[in-house]
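Data file: my_file-v7.tsv. Format and content: TSV, C-alpha atoms.
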```tsv
chain	number	residue	atom	x	y	z
A	1	MET	CA	9.15	-46.82	-24.55
A	2	ARG	CA	8.24	-47.66	-20.94
A	3	LEU	CA	10.72	-45.05	-19.81
A	4	LEU	CA	8.93	-42.28	-21.67
A	5	PRO	CA	6.06	-41.76	-19.14
A	6	ALA	CA	8.58	-41.72	-16.29
A	7	VAL	CA	10.80	-39.21	-18.08
A	8	VAL	CA	7.81	-36.99	-18.87
A	9	SER	CA	6.56	-37.22	-15.29
A	10	LEU	CA	9.99	-36.39	-13.90
A	11	SER	CA	10.37	-33.47	-16.29
A	12	LEU	CA	6.99	-32.04	-15.31
A	13	THR	CA	7.82	-32.47	-11.62
A	14	VAL	CA	11.12	-30.65	-12.02
A	15	ALA	CA	9.48	-27.89	-14.06
A	16	LEU	CA	6.75	-27.47	-11.43
A	17	ALA	CA	9.29	-27.37	-8.62
A	18	TYR	CA	11.32	-24.78	-10.53
A	19	TYR	CA	8.20	-22.65	-11.03
A	20	VAL	CA	7.10	-22.90	-7.40
A	21	TYR	CA	10.37	-22.67	-5.49
A	22	ILE	CA	12.02	-19.33	-4.85
A	23	PRO	CA	14.81	-18.75	-2.31
A	24	LEU	CA	13.50	-16.80	0.67
A	25	PRO	CA	15.24	-15.29	3.71
A	26	GLU	CA	15.36	-17.51	6.80
A	27	THR	CA	13.47	-14.92	8.82
A	28	ILE	CA	10.28	-15.50	6.80
A	29	GLN	CA	8.40	-17.91	9.06
A	30	GLU	CA	6.08	-19.66	6.58
A	31	PRO	CA	8.12	-19.85	3.37
A	32	TRP	CA	6.17	-22.56	1.56
A	33	ARG	CA	2.86	-20.84	2.21
A	34	LEU	CA	4.33	-17.64	0.76
A	35	MET	CA	5.70	-19.55	-2.24
A	36	MET	CA	2.27	-21.01	-2.99
A	37	LEU	CA	0.67	-17.58	-2.62
A	38	ASP	CA	3.27	-16.19	-5.00
A	39	VAL	CA	2.55	-18.97	-7.53
A	40	GLY	CA	-1.09	-17.91	-7.53
A	41	PHE	CA	-0.21	-14.26	-8.10
A	42	ARG	CA	2.35	-14.97	-10.82
A	43	THR	CA	0.02	-17.36	-12.63
A	44	THR	CA	-2.78	-14.81	-12.52
A	45	MET	CA	-0.47	-12.11	-13.91
A	46	HIS	CA	0.80	-14.39	-16.69
A	47	LEU	CA	-2.74	-15.30	-17.73
A	48	ALA	CA	-3.76	-11.62	-17.67
A	49	SER	CA	-0.78	-10.75	-19.87
A	50	LEU	CA	-1.71	-13.55	-22.29
A	51	LYS	CA	-5.33	-12.38	-22.53
A	52	ALA	CA	-4.16	-8.81	-23.16
A	53	TRP	CA	-1.72	-9.99	-25.85
A	54	LEU	CA	-4.53	-11.92	-27.54
A	55	GLY	CA	-6.70	-8.80	-27.43
A	56	PHE	CA	-9.39	-10.20	-25.13
A	57	ASP	CA	-9.16	-7.70	-22.30
A	58	HIS	CA	-7.00	-5.05	-20.68
A	59	TYR	CA	-4.28	-6.50	-18.46
A	60	ILE	CA	-5.60	-4.78	-15.34
A	61	GLN	CA	-9.22	-5.72	-16.08
A	62	SER	CA	-8.22	-9.40	-16.25
A	63	LEU	CA	-6.33	-9.10	-12.97
A	64	ARG	CA	-9.37	-7.51	-11.34
A	65	GLN	CA	-11.64	-10.31	-12.48
A	66	SER	CA	-9.31	-12.92	-11.01
A	67	THR	CA	-8.69	-11.12	-7.72
A	68	GLU	CA	-12.35	-10.26	-7.25
A	69	GLY	CA	-13.29	-13.88	-7.89
A	70	PHE	CA	-10.83	-14.94	-5.20
A	71	ASP	CA	-12.22	-12.27	-2.85
A	72	ASP	CA	-15.75	-13.59	-3.41
A	73	ILE	CA	-14.62	-17.05	-2.33
A	74	MET	CA	-12.82	-15.62	0.69
A	75	GLN	CA	-15.85	-13.52	1.59
A	76	GLY	CA	-17.98	-16.64	1.68
A	77	LEU	CA	-15.49	-18.45	3.88
A	78	CYS	CA	-15.18	-15.50	6.25
A	79	SER	CA	-18.80	-14.34	6.32
A	80	SER	CA	-19.67	-16.37	9.38
A	81	GLN	CA	-16.91	-14.61	11.28
A	82	SER	CA	-17.33	-11.06	10.03
A	83	GLU	CA	-21.10	-10.81	9.71
A	84	GLY	CA	-22.63	-13.38	11.99
A	85	GLY	CA	-19.89	-14.29	14.41
A	86	VAL	CA	-17.20	-12.03	15.76
A	87	MET	CA	-18.74	-8.73	14.58
A	88	PRO	CA	-22.50	-9.34	14.52
A	89	GLY	CA	-23.55	-5.80	15.37
A	90	VAL	CA	-21.52	-3.72	12.90
A	91	LYS	CA	-23.83	-1.84	10.57
A	92	VAL	CA	-22.56	-1.51	6.98
A	93	CYS	CA	-23.85	0.98	4.43
A	94	ASP	CA	-22.66	1.86	0.90
A	95	ILE	CA	-23.21	5.56	0.16
A	96	THR	CA	-21.33	8.49	-1.39
A	97	PHE	CA	-19.29	11.27	0.22
A	98	ALA	CA	-19.07	14.33	-2.06
A	99	GLY	CA	-19.87	12.07	-5.00
A	100	VAL	CA	-17.22	9.47	-4.08
A	101	PRO	CA	-18.44	5.92	-3.26
A	102	VAL	CA	-17.65	4.90	0.32
A	103	ARG	CA	-18.56	2.10	2.66
A	104	VAL	CA	-19.46	3.14	6.22
A	105	TYR	CA	-19.03	0.77	9.16
A	106	GLU	CA	-20.91	1.78	12.31
A	107	PRO	CA	-20.09	0.00	15.59
A	108	PRO	CA	-22.82	-1.74	17.59
A	109	ALA	CA	-22.35	0.73	20.48
A	110	GLY	CA	-24.51	3.70	19.57
A	111	GLY	CA	-23.45	7.31	19.67
A	112	GLU	CA	-26.21	8.30	22.08
A	113	GLY	CA	-24.77	10.38	24.87
A	114	HIS	CA	-21.11	9.97	23.88
A	115	LEU	CA	-18.88	10.53	20.89
A	116	ARG	CA	-17.06	7.82	18.96
A	117	ARG	CA	-13.78	7.57	17.09
A	118	GLY	CA	-13.70	8.03	13.33
A	119	LEU	CA	-11.28	6.56	10.77
A	120	MET	CA	-11.04	6.87	7.00
A	121	PHE	CA	-9.38	3.87	5.36
A	122	ILE	CA	-7.88	3.86	1.84
A	123	HIS	CA	-7.09	0.48	0.30
A	124	GLY	CA	-3.95	-0.46	-1.59
A	125	GLY	CA	-3.49	-2.18	-4.95
A	126	GLY	CA	-1.09	-0.02	-6.95
A	127	TRP	CA	-3.80	2.58	-7.71
A	128	ALA	CA	-5.21	-0.05	-10.09
A	129	LEU	CA	-6.59	-2.96	-8.06
A	130	GLY	CA	-8.55	-3.60	-4.90
A	131	THR	CA	-11.75	-2.78	-3.05
A	132	THR	CA	-12.54	-2.54	0.64
A	133	LYS	CA	-15.94	-4.14	0.09
A	134	LYS	CA	-14.53	-7.67	-0.06
A	135	GLY	CA	-11.90	-9.90	1.46
A	136	SER	CA	-9.56	-9.02	4.28
A	137	TYR	CA	-10.08	-5.25	4.02
A	138	ASP	CA	-13.75	-5.73	4.84
A	139	VAL	CA	-12.95	-8.12	7.69
A	140	ILE	CA	-10.34	-5.81	9.23
A	141	ASN	CA	-12.58	-2.74	8.97
A	142	ARG	CA	-15.37	-4.63	10.71
A	143	MET	CA	-12.95	-5.68	13.45
A	144	LEU	CA	-11.73	-2.11	13.86
A	145	SER	CA	-15.24	-0.69	14.03
A	146	ASP	CA	-16.37	-3.29	16.57
A	147	GLU	CA	-13.33	-3.42	18.87
A	148	LEU	CA	-12.53	0.29	18.93
A	149	ASN	CA	-16.11	1.61	18.78
A	150	THR	CA	-15.13	3.47	15.60
A	151	VAL	CA	-17.06	4.76	12.61
A	152	VAL	CA	-14.92	3.53	9.70
A	153	VAL	CA	-15.26	4.99	6.22
A	154	SER	CA	-13.50	3.09	3.42
A	155	VAL	CA	-13.06	4.95	0.16
A	156	GLU	CA	-13.77	3.38	-3.24
A	157	TYR	CA	-11.68	5.82	-5.26
A	158	ARG	CA	-11.38	5.51	-9.04
A	159	LEU	CA	-8.57	3.35	-10.43
A	160	TYR	CA	-6.27	2.89	-13.42
A	161	PRO	CA	-6.83	2.37	-16.36
A	162	GLU	CA	-10.05	4.39	-16.11
A	163	VAL	CA	-8.16	7.32	-14.53
A	164	ASN	CA	-4.63	8.48	-13.75
A	165	PHE	CA	-3.03	10.77	-11.18
A	166	PRO	CA	-4.28	13.01	-9.62
A	167	VAL	CA	-7.84	11.62	-9.81
A	168	PRO	CA	-7.47	8.93	-7.08
A	169	TYR	CA	-5.90	11.53	-4.78
A	170	LEU	CA	-8.67	14.05	-5.51
A	171	ASP	CA	-11.35	11.41	-4.84
A	172	CYS	CA	-9.81	10.62	-1.44
A	173	LEU	CA	-9.37	14.29	-0.58
A	174	ALA	CA	-12.99	15.08	-1.41
A	175	ALA	CA	-14.19	12.14	0.69
A	176	ALA	CA	-11.91	13.21	3.58
A	177	LYS	CA	-13.20	16.78	3.64
A	178	HIS	CA	-16.78	15.51	3.65
A	179	PHE	CA	-15.98	13.04	6.44
A	180	LEU	CA	-14.51	15.84	8.57
A	181	SER	CA	-17.47	18.16	8.02
A	182	ALA	CA	-19.71	19.14	10.92
A	183	GLU	CA	-22.72	17.56	9.23
A	184	VAL	CA	-21.15	14.11	8.95
A	185	ARG	CA	-19.59	14.26	12.41
A	186	ALA	CA	-22.97	15.08	13.90
A	187	ARG	CA	-24.74	12.36	11.90
A	188	TYR	CA	-22.41	9.63	13.16
A	189	ALA	CA	-21.59	11.11	16.60
A	190	ILE	CA	-17.85	11.34	15.88
A	191	ASP	CA	-15.44	13.06	18.25
A	192	PRO	CA	-13.68	15.85	16.28
A	193	GLU	CA	-10.50	15.26	18.31
A	194	ARG	CA	-10.31	11.53	17.47
A	195	ILE	CA	-10.39	11.12	13.69
A	196	ALA	CA	-7.71	9.16	11.80
A	197	VAL	CA	-6.75	8.56	8.20
A	198	SER	CA	-5.18	5.24	7.28
A	199	GLY	CA	-4.20	3.11	4.31
A	200	ASP	CA	-1.89	0.38	3.10
A	201	SER	CA	0.64	0.47	0.24
A	202	ALA	CA	-0.80	2.76	-2.47
A	203	GLY	CA	-3.57	3.54	0.02
A	204	GLY	CA	-0.88	4.59	2.49
A	205	ASN	CA	0.45	6.91	-0.20
A	206	LEU	CA	-2.98	8.49	-0.61
A	207	ALA	CA	-3.54	8.67	3.15
A	208	ALA	CA	-0.22	10.47	3.70
A	209	ALA	CA	-0.89	12.91	0.85
A	210	VAL	CA	-4.41	13.66	2.09
A	211	ALA	CA	-3.15	14.12	5.66
A	212	GLN	CA	-0.58	16.66	4.43
A	213	GLU	CA	-3.15	18.63	2.45
A	214	ILE	CA	-5.72	18.69	5.25
A	215	SER	CA	-3.11	19.69	7.85
A	216	THR	CA	-2.09	22.77	5.83
A	217	ASP	CA	-5.62	23.81	4.80
A	218	ASP	CA	-6.64	26.75	7.00
A	219	THR	CA	-10.25	26.44	5.86
A	220	MET	CA	-10.57	23.08	7.67
A	221	SER	CA	-11.62	23.63	11.28
A	222	VAL	CA	-11.30	19.91	12.08
A	223	LYS	CA	-8.28	17.94	10.94
A	224	PHE	CA	-7.04	14.37	11.30
A	225	SER	CA	-5.49	13.73	14.70
A	226	VAL	CA	-3.46	10.68	13.63
A	227	GLN	CA	-2.32	8.97	10.44
A	228	ALA	CA	-1.72	5.21	10.33
A	229	LEU	CA	0.31	4.15	7.29
A	230	ILE	CA	0.86	0.48	6.45
A	231	TYR	CA	3.95	-0.14	4.30
A	232	PRO	CA	3.26	3.05	2.30
A	233	VAL	CA	4.78	3.87	-1.09
A	234	LEU	CA	6.01	7.46	-0.84
A	235	GLN	CA	8.48	8.38	-3.59
A	236	ALA	CA	9.36	7.63	-7.23
A	237	LEU	CA	12.80	9.24	-7.54
A	238	ASP	CA	14.96	6.37	-6.32
A	239	PHE	CA	14.21	2.74	-7.16
A	240	ASN	CA	17.63	1.64	-5.91
A	241	THR	CA	17.24	2.15	-2.18
A	242	PRO	CA	18.61	-0.71	-0.04
A	243	SER	CA	15.14	-2.21	0.38
A	244	TYR	CA	14.39	-2.05	-3.35
A	245	LEU	CA	17.61	-3.94	-4.07
A	246	GLN	CA	17.53	-6.31	-1.09
A	247	ASN	CA	13.92	-7.37	-1.71
A	248	GLN	CA	13.61	-7.09	-5.49
A	249	HIS	CA	12.98	-10.85	-5.78
A	250	ILE	CA	10.80	-11.24	-2.67
A	251	PRO	CA	7.04	-11.84	-3.12
A	252	ILE	CA	4.56	-10.45	-3.52
A	253	LEU	CA	5.62	-7.00	-4.67
A	254	TYR	CA	8.57	-7.34	-7.03
A	255	ARG	CA	10.62	-4.26	-7.90
A	256	PRO	CA	9.58	-4.05	-11.60
A	257	ILE	CA	5.92	-4.42	-10.65
A	258	MET	CA	6.11	-1.43	-8.29
A	259	VAL	CA	7.75	0.67	-11.00
A	260	ARG	CA	5.05	-0.38	-13.46
A	261	PHE	CA	2.37	0.69	-10.96
A	262	TRP	CA	4.00	4.13	-10.80
A	263	LEU	CA	4.11	4.49	-14.58
A	264	GLN	CA	0.46	3.48	-14.86
A	265	TYR	CA	-0.52	5.91	-12.11
A	266	PHE	CA	1.25	8.77	-13.88
A	267	GLY	CA	-0.14	7.82	-17.29
A	268	ALA	CA	3.42	7.48	-18.61
A	269	ASP	CA	4.82	5.23	-21.32
A	270	LEU	CA	5.36	1.74	-19.86
A	271	SER	CA	8.45	1.32	-22.06
A	272	LEU	CA	10.20	3.71	-19.64
A	273	LEU	CA	10.35	0.97	-17.01
A	274	PRO	CA	14.05	0.09	-17.59
A	275	GLN	CA	14.94	3.79	-17.36
A	276	LEU	CA	13.28	4.10	-13.97
A	277	LEU	CA	14.82	0.88	-12.69
A	278	ALA	CA	18.24	2.35	-13.49
A	279	ASN	CA	17.36	5.75	-11.90
A	280	ASN	CA	17.95	7.40	-15.30
A	281	HIS	CA	14.75	9.41	-14.82
A	282	SER	CA	16.29	11.20	-11.82
A	283	SER	CA	19.82	11.74	-13.13
A	284	LEU	CA	21.85	14.78	-12.10
A	285	GLN	CA	21.31	16.41	-15.48
A	286	HIS	CA	17.68	17.14	-14.57
A	287	SER	CA	17.91	20.62	-13.08
A	288	ASN	CA	14.26	20.59	-11.95
A	289	ILE	CA	15.22	17.92	-9.40
A	290	THR	CA	16.98	20.32	-7.06
A	291	PRO	CA	19.54	19.33	-4.40
A	292	GLU	CA	16.89	20.18	-1.81
A	293	LEU	CA	14.47	17.64	-3.32
A	294	ARG	CA	17.17	15.00	-3.57
A	295	ALA	CA	18.01	15.49	0.09
A	296	ARG	CA	14.44	14.62	1.01
A	297	VAL	CA	14.88	11.08	-0.36
A	298	ASP	CA	18.57	10.65	0.53
A	299	TRP	CA	18.59	7.27	2.21
A	300	THR	CA	22.31	7.54	3.00
A	301	VAL	CA	21.32	10.19	5.56
A	302	LEU	CA	17.80	9.14	6.51
A	303	LEU	CA	18.30	5.42	7.14
A	304	SER	CA	20.06	3.77	10.07
A	305	PRO	CA	23.22	1.70	9.41
A	306	LYS	CA	21.34	-1.57	9.95
A	307	HIS	CA	19.10	-0.76	7.00
A	308	LYS	CA	21.73	0.85	4.80
A	309	LYS	CA	23.88	-2.27	5.15
A	310	ASN	CA	26.61	-2.24	2.46
A	311	TYR	CA	24.52	-0.78	-0.33
A	312	LYS	CA	25.76	2.20	-2.32
A	313	PRO	CA	23.58	4.97	-3.78
A	314	VAL	CA	22.84	4.75	-7.51
A	315	ILE	CA	23.37	8.29	-8.79
A	316	VAL	CA	23.26	8.74	-12.56
A	317	GLU	CA	25.00	11.78	-14.06
A	318	LYS	CA	23.38	11.63	-17.50
A	319	GLY	CA	20.23	9.61	-17.94
A	320	SER	CA	17.11	9.85	-20.06
A	321	GLN	CA	16.45	13.25	-21.61
A	322	GLY	CA	12.79	13.63	-20.65
A	323	GLY	CA	12.88	12.98	-16.92
A	324	ALA	CA	9.95	14.68	-15.24
A	325	ARG	CA	8.51	15.65	-18.64
A	326	GLU	CA	8.21	11.98	-19.60
A	327	VAL	CA	6.77	11.10	-16.19
A	328	PRO	CA	4.26	13.84	-15.34
A	329	GLY	CA	3.64	14.12	-11.62
A	330	LEU	CA	7.07	12.77	-10.70
A	331	LEU	CA	7.86	15.74	-8.45
A	332	ASP	CA	4.32	16.43	-7.25
A	333	VAL	CA	4.07	16.01	-3.46
A	334	ARG	CA	0.49	14.83	-3.89
A	335	ALA	CA	1.96	11.74	-5.56
A	336	SER	CA	5.19	11.55	-3.54
A	337	PRO	CA	4.55	12.70	0.05
A	338	LEU	CA	8.21	12.09	0.97
A	339	LEU	CA	9.10	15.13	-1.18
A	340	ALA	CA	7.11	17.51	1.05
A	341	GLY	CA	9.06	20.23	2.82
A	342	PRO	CA	9.58	20.41	6.59
A	343	GLU	CA	7.05	23.24	6.84
A	344	VAL	CA	4.37	20.80	5.63
A	345	LEU	CA	5.59	17.75	7.54
A	346	GLY	CA	5.71	19.74	10.78
A	347	LYS	CA	1.95	20.28	10.61
A	348	SER	CA	1.16	16.63	9.91
A	349	PRO	CA	-0.70	14.55	12.50
A	350	ARG	CA	0.94	12.01	14.81
A	351	ALA	CA	1.94	8.94	12.83
A	352	TYR	CA	2.00	5.18	13.03
A	353	ILE	CA	4.07	3.64	10.24
A	354	LEU	CA	4.18	-0.13	9.75
A	355	THR	CA	7.16	-1.45	7.80
A	356	CYS	CA	8.31	-4.92	6.81
A	357	GLU	CA	11.91	-6.04	6.49
A	358	HIS	CA	11.28	-8.05	3.31
A	359	ASP	CA	9.47	-5.33	1.36
A	360	VAL	CA	10.77	-3.10	-1.43
A	361	LEU	CA	8.87	-0.22	0.22
A	362	ARG	CA	10.50	-0.64	3.62
A	363	ASP	CA	12.83	2.33	3.19
A	364	ASP	CA	10.06	4.64	1.94
A	365	GLY	CA	8.31	4.19	5.29
A	366	LEU	CA	11.48	4.46	7.37
A	367	MET	CA	12.63	7.62	5.57
A	368	TYR	CA	9.23	9.21	6.03
A	369	ALA	CA	9.28	8.36	9.73
A	370	ARG	CA	12.69	10.00	10.09
A	371	ARG	CA	11.65	13.14	8.21
A	372	LEU	CA	8.45	13.47	10.24
A	373	GLN	CA	10.43	13.08	13.47
A	374	ASP	CA	12.98	15.66	12.31
A	375	SER	CA	10.04	18.02	11.72
A	376	GLY	CA	8.76	17.57	15.27
A	377	VAL	CA	6.01	14.99	14.68
A	378	THR	CA	5.56	12.09	17.09
A	379	VAL	CA	6.03	8.83	15.16
A	380	THR	CA	5.69	5.17	16.08
A	381	VAL	CA	7.49	2.78	13.73
A	382	ASP	CA	6.20	-0.79	13.95
A	383	HIS	CA	8.80	-2.84	12.08
A	384	TYR	CA	8.31	-6.58	11.38
A	385	LEU	CA	11.56	-8.45	10.81
A	386	ASP	CA	9.66	-11.41	9.33
A	387	GLY	CA	7.18	-9.25	7.40
A	388	PHE	CA	6.69	-9.02	3.64
A	389	HIS	CA	4.62	-6.68	1.49
A	390	GLY	CA	0.94	-7.51	1.71
A	391	CYS	CA	1.14	-9.55	4.91
A	392	PHE	CA	-1.35	-7.21	6.63
A	393	SER	CA	-4.03	-8.45	4.23
A	394	PHE	CA	-3.41	-12.17	4.79
A	395	VAL	CA	-5.20	-12.77	8.06
A	396	THR	CA	-8.04	-15.09	7.09
A	397	TRP	CA	-8.02	-18.79	6.22
A	398	PRO	CA	-6.74	-20.26	3.94
A	399	MET	CA	-4.26	-17.46	3.23
A	400	GLU	CA	-3.45	-16.46	6.78
A	401	PHE	CA	0.06	-15.72	8.01
A	402	GLU	CA	1.07	-15.37	11.64
A	403	VAL	CA	2.99	-12.19	10.85
A	404	GLY	CA	-0.13	-10.76	9.24
A	405	LYS	CA	-2.24	-11.45	12.32
A	406	ARG	CA	0.44	-9.86	14.53
A	407	ALA	CA	0.58	-6.83	12.24
A	408	VAL	CA	-3.19	-6.29	12.36
A	409	ARG	CA	-3.18	-6.71	16.15
A	410	GLY	CA	-0.35	-4.19	16.51
A	411	TYR	CA	-2.24	-1.72	14.31
A	412	LEU	CA	-5.46	-2.09	16.30
A	413	ASP	CA	-3.65	-1.85	19.64
A	414	TRP	CA	-1.87	1.36	18.59
A	415	LEU	CA	-5.13	2.93	17.47
A	416	GLN	CA	-6.80	1.85	20.70
A	417	LYS	CA	-4.16	3.74	22.71
A	418	ASN	CA	-3.57	6.73	20.43
A	419	LEU	CA	-6.86	7.59	18.75
```
I'd like the structure from this file rewritten - as structure tokens, please.
Amino acid sequence: MRLLPAVVSLSLTVALAYYVYIPLPETIQEPWRLMMLDVGFRTTMHLASLKAWLGFDHYIQSLRQSTEGFDDIMQGLCSSQSEGGVMPGVKVCDITFAGVPVRVYEPPAGGEGHLRRGLMFIHGGGWALGTTKKGSYDVINRMLSDELNTVVVSVEYRLYPEVNFPVPYLDCLAAAKHFLSAEVRARYAIDPERIAVSGDSAGGNLAAAVAQEISTDDTMSVKFSVQALIYPVLQALDFNTPSYLQNQHIPILYRPIMVRFWLQYFGADLSLLPQLLANNHSSLQHSNITPELRARVDWTVLLSPKHKKNYKPVIVEKGSQGGAREVPGLLDVRASPLLAGPEVLGKSPRAYILTCEHDVLRDDGLMYARRLQDSGVTVTVDHYLDGFHGCFSFVTWPMEFEVGKRAVRGYLDWLQKNL
């Protein structure tokens, strides 16, 4: 009987180690920190799924409560730096732009006698999670406003499950047009030649889509001069690109989770997830997916050999019957900016695209960079060989990563020189 406690203890230790440990590439510099971060995310998702199964709350609502609670803790830890320390003079105001909630960050240097930069930031979170009012987004926007003497406007667009596509896009577009208006530029003393749009992940998707729309809108006298996209998600036709396959088991954005985010965004049946993972939704039998559209996401042409590696394209001849009908918005460029034609891309603003080697979305960003360059747009690709999805947001203690701090510094430095 004395052996029983030891056996139980050993079993629990092994089970815990099995739950925590995941094999990671050698190029990830802080593997155990990432594993512990991943444990937190996975545990939160499992608990949210359990609560939803028991009928207590919607899965996403439970995730929001957990992530917002964590952000509140982080905000308290970081408040001395962001509000009273490093950026004491940044003025913050929560207002609305064209009916859309936004947070405005004004730098301590006033606009009297000279014009300032302007930047609209759109947060990520799979079109379902996140806010720029808390956590690292708030810290980074304060840093940007202070260091670059920039008026930053972060958009609190509506999220799933309350809304689906195209509502988040339309919210961001409305806020962007208001931000670019003469009235707002005059109010905040913003230089019309130095206004950027930026976002990370799903926010990068929205930023790219808004930049495309504004650049082709002849009614807009002032347009964005640059776009800064941080590991953006840009297409939903191919979930078997080299980066989707190479990094499908790398935290914190697993391949099935990204596909689920897409289905939620489109308001589609979540049971279609296996079909999308197999590329059945974009099989050759779907005549509405023309060869021209397929060429715009053809990674065998758009990626360099070092990123193609030895992967082969997954092309399905006969897949699911519904295709685009089952996934409304699948071919809409407002949802998938990578599908835009060269006539649209050629009018897009200069671009900064941050990509991470260990990210399922790596190839989305690299393909977009190539297509923009082929259309005559100047593009800077900032690729992090030790980066993973989300690292840009992990820059404050206790969840700070060196690669995240380097990524934020690279982003700020590029904006300093190019905006």
- [ ] Write out as JSON, numbers by chain which residues come within 12 Å of Arg142 of chain A when counting all atoms listed in the file, dropping same-chain ones fewer than 3 positions away.
- [x] {"A": [78, 79, 81, 82, 83, 84, 85, 86, 87, 88, 89, 90, 91, 92, 93, 103, 104, 105, 106, 107, 108, 119, 121, 132, 133, 134, 135, 136, 137, 138, 139, 145, 146, 147, 148, 149, 150, 151, 152, 153, 154, 412]}
Task: Counting all atoms listed in the file, the residue of A:Val163, A:Ala295, A:Val222, A:Met367 that sits nearest Lys177 of chain A - done: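 The answer is A:Val222, which sits nearest to Lys177 of chain A.
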Task: atom CA of Val297 of chain A to atom CA of Tyr368 of chain A, distance in Å rounded to a single decimal - done: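 If I compute the distance from atom CA of Val297 of chain A to atom CA of Tyr368 of chain A, I get 8.7 Å.
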Open item on the list: Rounded to one decimal, what separation in Å do you get between atom CA of Met220 of chain A and atom CA of Ala109 of chain A?
Closed with: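 Straight-line distance from atom CA of Met220 of chain A to atom CA of Ala109 of chain A works out to 28.3 Å.
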